[in-house]
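Heads up, the thing below is written out as structure tokens.
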Amino acid sequence: MAVHGVGLLTRLPLCVQRRSRVQRPILRLFSCPGTVAADPRREEQPSGSAETGSEDKTPKKRFSEVQKERREQAQRTVLIHCPNKISEKKFLKYLSQHGPINNHFFYESYGLYAVVEFCQKESVDSLQNGTHTPSMSTEAVIPFRSRYFNLKLKNPSNQASEQSCIQCSNQLPPSSKKVFELLRCAESIDDQLNSLLKEFQLTEENTKLRYLTCSLVEDIAAAYFPDCTVRPFGSSVNTFGKLGCDLDMFLDLDEIGKLSAVKTAGNFLMEFQVKNVPSERIATQKILSVIGECLDHFGPGCVGVQKILNARCPLVRFSHQASGFQCDLTTNNRIALKSSELLYIYGALDSRVRALVFSVRCWARAHSLTSSIPGAWITNFSLTMIVIFFLQRRSPPILPTLDSLKNLAGAEDKCIIEGNNCTFIRDLNRIKPSGNTETLELLLKEFFEYFGNFAFNKNSINIRQGKEQNKPDSSPLYIQNPFETSLNISKNVSQSQLQKFVDLARESAWILQQEGKDRPSASSNQPWGLAALLLPSIANGMALAKKKGKKPANETVKNLLESLKSNSAENSTNTNRKRTTSP
Ligand code: GTP
Ligand code: MG
């Protein structure tokens, strides 16, 4: 379900490289479309998600509480396509006729848009009542009463002189250039990881726009299923989403049955007459098929609708033009929602988790280990699992195993989905924080060393037990699905992609080892620390060299790592885990 933007080629001037440094050009690094102006109004953290950088003592909200609050906010919110030149003051005054406004923001995406949250839901009805369906002279329109409006100026020439400068909220990831600048100016590798997180994480506004988009799609689906719910899941809500990530939506029809099941007195039980289909999968396909048609024909702003109904998890994919989100709508996918809740908990337990996951995701993207095209690549979801597993393996562990979260669960947490036990404690405040105090720098280094040496040929990764286990089959990479434990979430990954991951992990471990003893001065333009890891790989360069008859990349990287290891062993006795090695 992961869909990413198209990469941008950015080239920065390189200062004189020092002899001991890896000499590589700074090329395309991320999937970020375009250079983005700094957004002074960006909040550092969407409310309801974990704090970063400091240990927060305020009670943390449950996943369900965040979802409920955000959903309710979204129902009081409207999306308005505005003329490019508009007076913000007049705009707000005009809308206030329908009731007080709680907050608003503007953003650009093929035009100017405003997201306006009213204090009361009734204001939305009032606005809709005062809105008319346009008539076109040359085309016909399908009337649809939604919360997505088009604002027109009655008299554009009169208002032109009164325009104020509208500040737009940024919805795009930062450019490679900006990221490198930020990383270059950081004070330490820990600082770099935290800065990267702050730049890439979803902003408060972007999170609001995601919930609003789900709410707008819910209005459309409600034409067929009046009490349905459309919930965001995946990286939009699990606190691991990067700006620009796709919007995974779950059409929840289960609430319908629950709402109508009011217990009545008497000897009878009333049921709805329903249509039977041979299997749950066919029911899912039929439901998604009609919703797909509906989005395609009547959904304002929904374009490029594709019904991908024969996939393992059937889905409808479309672009929501106004928000710019690539959306994947699924139904009967409750386990994925539970996985999102689990990742939310892991992300909130320790401030280092998200920082490390974001860096590993950016690193993987920079080296094309992840891709927007479905195929044999590792996914962001799998990468997150790998980082969680690594953090469970630290001594003392930074994250608890899923089994221990299950042991902490109370009766109210019990959750069985399609026969799979998905129970774990949902109240974050009842989970004891880790006593581990390792720095992000050390964790990043050890992460690459750990997976550069992991016995992928015989062992699987398993966050339920937090320990390596024998692989049940011959898939190159085996990451146990935490809830459907007989499944491998990385079954698609090929041997060559896994090898690329391992080679890059080894190379990155080696680069970080070099960093420890040779950091450029602040005035130097040279990328260091995390920035050095995001540069195009030396292994890629050597693969090219191999074609030209030079020494093979793997062998070179392996030699580097071997010399690194032998030096590590020599130095480990007197360095208190801080090695200063050279190949
Ligand atoms: P990005 O979209 O890449 O930022 O990350 P994501 O976590 O949202 O991944 P994706 O859009 O691919 O999938 C959305 C959600 O579906 C994930 O967060 C998981 O909860 C779930 N999911 C994805 N792939 C798998 C899989 O192979 N097995 C299972 N059980 N769930 C998956
Ligand atoms: Mg996603």
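Chain labels run A, B, ... following the order of the structure tokens; each chain numbers its residues from 1, and ligands are numbered from 1 in the order shown.
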(message) Just want the residues within 7 Å of ligand 1, written as an MDAnalysis selection string, counting only C-alpha atoms and all ligand atoms.
(response) chainID A and resid 1:3 233:236 241:242 245:246 248 335:337 339:340 379:381 481 484 489:490
(message) Can you tell me, as a PyMOL selection string, which residues in range 265-504 of chain A count as alpha helix (DSSP H) by DSSP?
(response) chain A and resi 280-298+334-349+351-366+380-392+402-407+440-452+495-504
(message) What's around Arg394 in chain A at 10 Å? Count only C-alpha atoms, leave out sequence neighbours fewer than 2 positions away in its own chain, and write the answer as an NGL selection string.
(response) :A and (389-392 or 396-399 or 436 or 438 or 443 or 446)
(message) Residues near range 499-508 of chain A, anyone? I mean within 6 Å using only C-alpha atoms, not counting same-chain ones fewer than 3 positions away, as number ranges by chain.
(response) A: 448, 452, 496, 511, 533
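Proximity ranking of A:Ser87, A:Asn129, A:Gln167, A:Asn333 relative to Glu418 in chain A places A:Asn333 first, based on only C-alpha atoms.
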